Amino acid sequence: MSDTLFARACRREPVERTPVWIMRQAGRYLPEYRALRVNADFLTCCRTPELACEITLQPVRRLDVDAAILFSDILVPLPAMGVEVTFHPCPHLARPVRSAGDVDALRVPDAREATPFVFDAIRLLRRELSPTVPLIGFAGAPFTMATYLVEGGGSKHFEAIKGLLFSDPPTAHALLACCADTVASLLAEQVRAGAQAAMLFDTWAGLLGPADYRAFALPYVRRVFDRVADAAADLGVDVPRIYYAGNAAGWLPACRDTGATVIGLDWRMDLGPARAVLGPSLAVQGNLDPAVLLGPPDQIRQRARLVLEEAGPFGHVFNLGHGILPQTPPEHARVLVDAVREWSSRRAA
Ligand code: 1CP
């Protein structure tokens, strides 16, 4: 794997073109995914290795992307922590975590016992995928996990999680530590099962100002990536550590201290200035606005080119700035992948 286009871009080595994959590339915008979901609910798909494997492969076949991402969800570890979650399709927790007593009652599961289906799916996928297409394992970053646990689902103003941070910081830290240890076990174990990159999604860290990011998010991200780095070192393999930093403009400099090797960014900032802040040792991933894929093909090609020019030729993995929207015409996703290939290889020639 260390020689795939994706791995070389993550290491900031020269590449003949920019690798591309799409966040949430498996999912509801694909008719083949919707067809499979007629007979299996979302969690059944996540918990059945053959189904998770098949769904992971769907966008690889259709789009010819340069990386696969395991089909799962950041909330898959919740039941083993003692928290029930349902999806309709957005996640909903019947009993959110609100008090010190609720946090005390949480378990930090051993991932091998809690989610064996995740590792079985990874082993299956490593047999099915071409050696040129690396498999990305992932988990939710501790702050984003804690946000779902406390809010109980999506939220408009996030007053429950933010209220907890400021009214009872020791309980907030105990919750974050619990999330970090759960996620560290899950992600390190994915690497041991064969995941060739490890990604943390911090979708909600943008709720925090810089000082609070450093207090409540950063140390826990670092704790997870340290465990991932240890697992990779034990195996003697290079495993890129990708940190998706949602709405990160306010605390972008802190991303240098996360232990990540690649920083995923959304479209709210341009990649050129972001790279100037992140410095020469980090690669970047992103950052086309997913809504661009709702527009016409010419616009998609033009916007893809602008992102490539902002990012420069090395140390860039092309992606959207957030998950692909369910309304996206699948052929528009293919237009994007082809445009990235064409422009970036023409530039390299
Ligand atoms: O009914 C269905 O089919 C369920 C829809 C769905 C899907 C397809 C959910 C519920 N999750 C997923 C898959 C998923 N989620 C993947 C694997 C697919 C791929 O990337 O190809 C991944 C990586 C995720 C990660 C995820 N889940 C994040 C982080 C990334 C992001 O988009 O910000 C988050 C925040 C979630 C929570 C979640 N799970 C499902 C939904 C609809 C959501 C978002 C809800 C919200 O915005 O609050």
# chains A, B, ... in the order shown; residues from 1 in each chain; ligands from 1
$ residues_near_ligand --ligand "ligand 1" --cutoff "9 Å" --atoms "only C-alpha atoms and all ligand atoms" --output "PyMOL selection string"
chain A and resi 22-29+33-34+37+41-43+45-46+55-56+59+68-75+87-91+137-141+144-145+148+153-155+199-204+244+246+322-324+326
$ residues_around --residues "region 247-263 of chain A" --least-positions-apart "4" --cutoff "9 Å" --atoms "only C-alpha atoms" --output "number ranges by chain"
A: 10-11, 199, 203-211, 213-214, 218-226, 229, 240-243, 267-269, 274, 277-279, 281-286, 315-317
$ residues_around --residues "Gly321 (chain A)" --least-positions-apart "3" --cutoff "6 Å" --atoms "only C-alpha atoms" --output "NGL selection string"
:A and (265-267 or 286-289)
$ write_last_selection --atoms "N, CA, C and O atoms" --output "JSON list (two decimals), in the first residue's frame"
[["chain", "number", "residue", "atom", "x", "y", "z"],
["A", 265, "LEU", "N", -10.36, 19.63, 5.25],
["A", 265, "LEU", "CA", -10.97, 20.94, 5.49],
["A", 265, "LEU", "C", -12.24, 21.10, 4.68],
["A", 265, "LEU", "O", -12.41, 20.49, 3.63],
["A", 266, "ASP", "N", -13.13, 21.96, 5.18],
["A", 266, "ASP", "CA", -14.34, 22.25, 4.42],
["A", 266, "ASP", "C", -14.09, 23.48, 3.53],
["A", 266, "ASP", "O", -12.99, 24.04, 3.50],
["A", 267, "TRP", "N", -15.14, 23.90, 2.81],
["A", 267, "TRP", "CA", -15.01, 24.94, 1.78],
["A", 267, "TRP", "C", -15.04, 26.34, 2.34],
["A", 267, "TRP", "O", -14.95, 27.31, 1.61],
["A", 286, "GLY", "N", -9.50, 17.84, 0.72],
["A", 286, "GLY", "CA", -10.72, 18.63, 0.54],
["A", 286, "GLY", "C", -10.70, 19.32, -0.80],
["A", 286, "GLY", "O", -9.92, 18.96, -1.68],
["A", 287, "ASN", "N", -11.48, 20.35, -0.90],
["A", 287, "ASN", "CA", -12.46, 20.93, -0.03],
["A", 287, "ASN", "C", -13.60, 21.55, -0.83],
["A", 287, "ASN", "O", -14.12, 22.58, -0.46],
["A", 288, "LEU", "N", -14.01, 20.86, -1.92],
["A", 288, "LEU", "CA", -15.08, 21.40, -2.76],
["A", 288, "LEU", "C", -16.42, 21.38, -2.01],
["A", 288, "LEU", "O", -16.77, 20.38, -1.37],
["A", 289, "ASP", "N", -17.15, 22.48, -2.10],
["A", 289, "ASP", "CA", -18.49, 22.55, -1.51],
["A", 289, "ASP", "C", -19.37, 21.44, -2.13],
["A", 289, "ASP", "O", -19.53, 21.40, -3.35]]
$ closest_residue --among "A:Val335, A:Leu125, A:Ala276, A:Leu30" --to "Arg303 (chain A)" --atoms "only C-alpha atoms"
A:Val335
$ residues_around --residues "region 336-343 of chain A" --least-positions-apart "6" --cutoff "8 Å" --atoms "only C-alpha atoms" --output "ChimeraX atom specification"
/A:17-21,63-65,293,300-301,304-305,308,318
$ write_last_selection --atoms "N, CA and C atoms" --output "mmCIF file, in the first residue's frame"
data_model
loop_
_atom_site.group_PDB
_atom_site.id
_atom_site.type_symbol
_atom_site.label_atom_id
_atom_site.label_comp_id
_atom_site.auth_asym_id
_atom_site.auth_seq_id
_atom_site.Cartn_x
_atom_site.Cartn_y
_atom_site.Cartn_z
ATOM 1 N N ARG A 17 -0.702 12.386 -10.518
ATOM 2 C CA ARG A 17 -1.957 13.154 -10.497
ATOM 3 C C ARG A 17 -2.477 13.161 -9.063
ATOM 4 N N THR A 18 -3.465 13.997 -8.814
ATOM 5 C CA THR A 18 -4.017 14.133 -7.454
ATOM 6 C C THR A 18 -5.043 13.024 -7.203
ATOM 7 N N PRO A 19 -4.872 12.248 -6.132
ATOM 8 C CA PRO A 19 -5.879 11.221 -5.826
ATOM 9 C C PRO A 19 -7.192 11.862 -5.376
ATOM 10 N N VAL A 20 -8.284 11.152 -5.607
ATOM 11 C CA VAL A 20 -9.603 11.694 -5.254
ATOM 12 C C VAL A 20 -10.496 10.599 -4.686
ATOM 13 N N TRP A 21 -11.190 10.914 -3.598
ATOM 14 C CA TRP A 21 -12.315 10.104 -3.115
ATOM 15 C C TRP A 21 -13.346 11.085 -2.558
ATOM 16 N N LEU A 63 -17.486 4.871 -9.474
ATOM 17 C CA LEU A 63 -16.779 6.149 -9.643
ATOM 18 C C LEU A 63 -15.295 5.989 -9.934
ATOM 19 N N ASP A 64 -14.747 4.800 -9.666
ATOM 20 C CA ASP A 64 -13.315 4.585 -9.887
ATOM 21 C C ASP A 64 -12.469 5.539 -9.029
ATOM 22 N N VAL A 65 -12.869 5.706 -7.768
ATOM 23 C CA VAL A 65 -12.138 6.590 -6.846
ATOM 24 C C VAL A 65 -10.816 5.946 -6.418
ATOM 25 N N LEU A 293 -21.935 19.919 -6.642
ATOM 26 C CA LEU A 293 -22.349 18.741 -7.418
ATOM 27 C C LEU A 293 -23.834 18.777 -7.784
ATOM 28 N N ILE A 300 -19.012 22.115 -12.363
ATOM 29 C CA ILE A 300 -18.292 21.144 -11.523
ATOM 30 C C ILE A 300 -16.823 21.092 -11.950
ATOM 31 N N ARG A 301 -16.590 21.025 -13.261
ATOM 32 C CA ARG A 301 -15.204 20.944 -13.766
ATOM 33 C C ARG A 301 -14.422 22.192 -13.406
ATOM 34 N N ALA A 304 -13.693 22.305 -9.658
ATOM 35 C CA ALA A 304 -12.687 21.306 -9.294
ATOM 36 C C ALA A 304 -11.301 21.845 -9.621
ATOM 37 N N ARG A 305 -11.199 22.497 -10.760
ATOM 38 C CA ARG A 305 -9.911 23.043 -11.169
ATOM 39 C C ARG A 305 -9.439 24.128 -10.188
ATOM 40 N N LEU A 308 -7.962 22.475 -7.176
ATOM 41 C CA LEU A 308 -6.634 21.911 -7.490
ATOM 42 C C LEU A 308 -5.579 23.012 -7.538
ATOM 43 N N PHE A 318 -7.783 15.104 -3.103
ATOM 44 C CA PHE A 318 -9.008 15.833 -3.468
ATOM 45 C C PHE A 318 -10.213 15.169 -2.809
#
$ atom_distance --atom1 "CA of Pro329 (chain A)" --atom2 "CA of Leu294 (chain A)"
7.3 Å
$ select_by_dssp --residues "region 104-174 of chain A" --states "strand (DSSP E)" --output "count of residues only"
6
$ closest_residue --among "A:Val118, A:Leu57, A:Ile161, A:Met81" --to "Asp181 (chain A)" --atoms "only C-alpha atoms"
A:Met81
$ closest_residue --among "A:Ile122, A:Ala184, A:Asp230, A:Arg98" --to "Ala172 (chain A)" --atoms "only C-alpha atoms"
A:Arg98
$ decode --residues "region 23-39 of chain A" --atoms "all heavy atoms" --output "short mmCIF file (atom, residue, chain, number, x, y, z; two decimals), in the first residue's frame"
data_model
loop_
_atom_site.label_atom_id
_atom_site.label_comp_id
_atom_site.auth_asym_id
_atom_site.auth_seq_id
_atom_site.Cartn_x
_atom_site.Cartn_y
_atom_site.Cartn_z
N MET A 23 -16.20 12.05 0.48
CA MET A 23 -16.77 11.75 1.80
C MET A 23 -18.22 11.32 1.63
O MET A 23 -18.97 11.95 0.88
CB MET A 23 -16.67 12.97 2.72
CG MET A 23 -15.25 13.14 3.26
SD MET A 23 -15.21 14.16 4.73
CE MET A 23 -15.28 15.75 3.97
N ARG A 24 -18.59 10.24 2.35
CA ARG A 24 -19.92 9.60 2.24
C ARG A 24 -20.17 9.08 0.83
O ARG A 24 -21.29 9.14 0.33
CB ARG A 24 -21.04 10.58 2.61
CG ARG A 24 -20.96 11.12 4.00
CD ARG A 24 -21.63 10.17 4.98
NE ARG A 24 -21.78 10.79 6.27
CZ ARG A 24 -22.95 11.18 6.78
NH1 ARG A 24 -24.05 10.97 6.11
NH2 ARG A 24 -22.98 11.71 7.95
N GLN A 25 -19.08 8.58 0.19
CA GLN A 25 -19.24 8.13 -1.19
C GLN A 25 -20.16 6.92 -1.30
O GLN A 25 -20.73 6.67 -2.37
CB GLN A 25 -17.87 7.84 -1.82
CG GLN A 25 -17.06 6.73 -1.17
CD GLN A 25 -15.60 6.72 -1.69
OE1 GLN A 25 -15.14 7.65 -2.33
NE2 GLN A 25 -14.87 5.65 -1.40
N ALA A 26 -20.31 6.15 -0.22
CA ALA A 26 -21.33 5.10 -0.18
C ALA A 26 -22.54 5.70 0.52
O ALA A 26 -22.40 6.29 1.58
CB ALA A 26 -20.81 3.90 0.59
N GLY A 27 -23.70 5.56 -0.06
CA GLY A 27 -24.85 6.11 0.65
C GLY A 27 -26.01 6.43 -0.24
O GLY A 27 -26.10 5.97 -1.38
N ARG A 28 -26.88 7.27 0.30
CA ARG A 28 -28.24 7.41 -0.26
C ARG A 28 -28.31 7.99 -1.66
O ARG A 28 -29.32 7.85 -2.32
CB ARG A 28 -29.09 8.24 0.70
CG ARG A 28 -29.49 7.45 1.93
CD ARG A 28 -30.15 8.34 2.96
NE ARG A 28 -29.19 9.24 3.57
CZ ARG A 28 -29.52 10.33 4.26
NH1 ARG A 28 -30.76 10.68 4.39
NH2 ARG A 28 -28.57 11.08 4.80
N TYR A 29 -27.29 8.69 -2.14
CA TYR A 29 -27.38 9.23 -3.51
C TYR A 29 -27.21 8.12 -4.55
O TYR A 29 -27.50 8.33 -5.72
CB TYR A 29 -26.33 10.35 -3.73
CG TYR A 29 -24.93 9.82 -3.93
CD1 TYR A 29 -24.34 9.85 -5.18
CD2 TYR A 29 -24.23 9.24 -2.88
CE1 TYR A 29 -23.07 9.33 -5.37
CE2 TYR A 29 -22.97 8.71 -3.07
CZ TYR A 29 -22.39 8.77 -4.33
OH TYR A 29 -21.15 8.23 -4.51
N LEU A 30 -26.75 6.93 -4.12
CA LEU A 30 -26.52 5.84 -5.08
C LEU A 30 -27.75 4.93 -5.16
O LEU A 30 -28.18 4.35 -4.15
CB LEU A 30 -25.33 4.98 -4.64
CG LEU A 30 -23.93 5.57 -4.81
CD1 LEU A 30 -22.87 4.57 -4.32
CD2 LEU A 30 -23.67 5.97 -6.26
N PRO A 31 -28.31 4.72 -6.38
CA PRO A 31 -29.48 3.83 -6.51
C PRO A 31 -29.17 2.41 -6.05
O PRO A 31 -30.04 1.75 -5.47
CB PRO A 31 -29.80 3.87 -8.01
CG PRO A 31 -28.71 4.63 -8.67
CD PRO A 31 -27.94 5.37 -7.63
N GLU A 32 -27.94 1.94 -6.23
CA GLU A 32 -27.61 0.57 -5.81
C GLU A 32 -27.59 0.45 -4.28
O GLU A 32 -27.89 -0.60 -3.73
CB GLU A 32 -26.30 0.07 -6.45
CG GLU A 32 -25.06 0.91 -6.25
CD GLU A 32 -24.85 1.99 -7.34
OE1 GLU A 32 -25.86 2.58 -7.79
OE2 GLU A 32 -23.68 2.24 -7.70
N TYR A 33 -27.26 1.56 -3.60
CA TYR A 33 -27.34 1.56 -2.13
C TYR A 33 -28.81 1.54 -1.69
O TYR A 33 -29.20 0.74 -0.83
CB TYR A 33 -26.64 2.80 -1.55
CG TYR A 33 -26.82 2.94 -0.05
CD1 TYR A 33 -26.11 2.14 0.84
CD2 TYR A 33 -27.72 3.86 0.49
CE1 TYR A 33 -26.29 2.25 2.21
CE2 TYR A 33 -27.91 3.98 1.85
CZ TYR A 33 -27.19 3.18 2.72
OH TYR A 33 -27.37 3.29 4.07
N ARG A 34 -29.63 2.38 -2.31
CA ARG A 34 -31.05 2.42 -1.92
C ARG A 34 -31.72 1.07 -2.19
O ARG A 34 -32.54 0.61 -1.39
CB ARG A 34 -31.77 3.54 -2.69
CG ARG A 34 -31.27 4.93 -2.29
CD ARG A 34 -32.22 6.02 -2.76
NE ARG A 34 -32.40 6.03 -4.21
CZ ARG A 34 -31.64 6.74 -5.06
NH1 ARG A 34 -30.66 7.49 -4.59
NH2 ARG A 34 -31.88 6.69 -6.35
N ALA A 35 -31.31 0.41 -3.27
CA ALA A 35 -31.88 -0.91 -3.60
C ALA A 35 -31.53 -1.92 -2.50
O ALA A 35 -32.38 -2.70 -2.05
CB ALA A 35 -31.37 -1.39 -4.95
N LEU A 36 -30.30 -1.88 -2.04
CA LEU A 36 -29.88 -2.81 -1.00
C LEU A 36 -30.59 -2.54 0.33
O LEU A 36 -30.90 -3.45 1.10
CB LEU A 36 -28.36 -2.66 -0.86
CG LEU A 36 -27.59 -3.87 -0.41
CD1 LEU A 36 -26.25 -3.92 -1.12
CD2 LEU A 36 -27.37 -3.76 1.08
N ARG A 37 -30.86 -1.24 0.58
CA ARG A 37 -31.48 -0.84 1.84
C ARG A 37 -32.97 -1.20 1.93
O ARG A 37 -33.55 -1.12 3.00
CB ARG A 37 -31.28 0.66 2.06
CG ARG A 37 -29.89 1.02 2.54
CD ARG A 37 -29.77 0.95 4.05
NE ARG A 37 -30.39 2.12 4.66
CZ ARG A 37 -31.60 2.18 5.15
NH1 ARG A 37 -32.37 1.13 5.13
NH2 ARG A 37 -32.07 3.29 5.68
N VAL A 38 -33.58 -1.60 0.79
CA VAL A 38 -34.99 -2.00 0.83
C VAL A 38 -35.17 -3.20 1.77
O VAL A 38 -36.14 -3.30 2.50
CB VAL A 38 -35.50 -2.34 -0.59
CG1 VAL A 38 -36.89 -2.98 -0.55
CG2 VAL A 38 -35.51 -1.09 -1.47
N ASN A 39 -34.18 -4.07 1.78
CA ASN A 39 -34.29 -5.30 2.58
C ASN A 39 -33.46 -5.31 3.85
O ASN A 39 -33.44 -6.30 4.56
CB ASN A 39 -33.88 -6.51 1.74
CG ASN A 39 -34.84 -6.70 0.57
OD1 ASN A 39 -36.05 -6.64 0.76
ND2 ASN A 39 -34.29 -6.86 -0.61
#
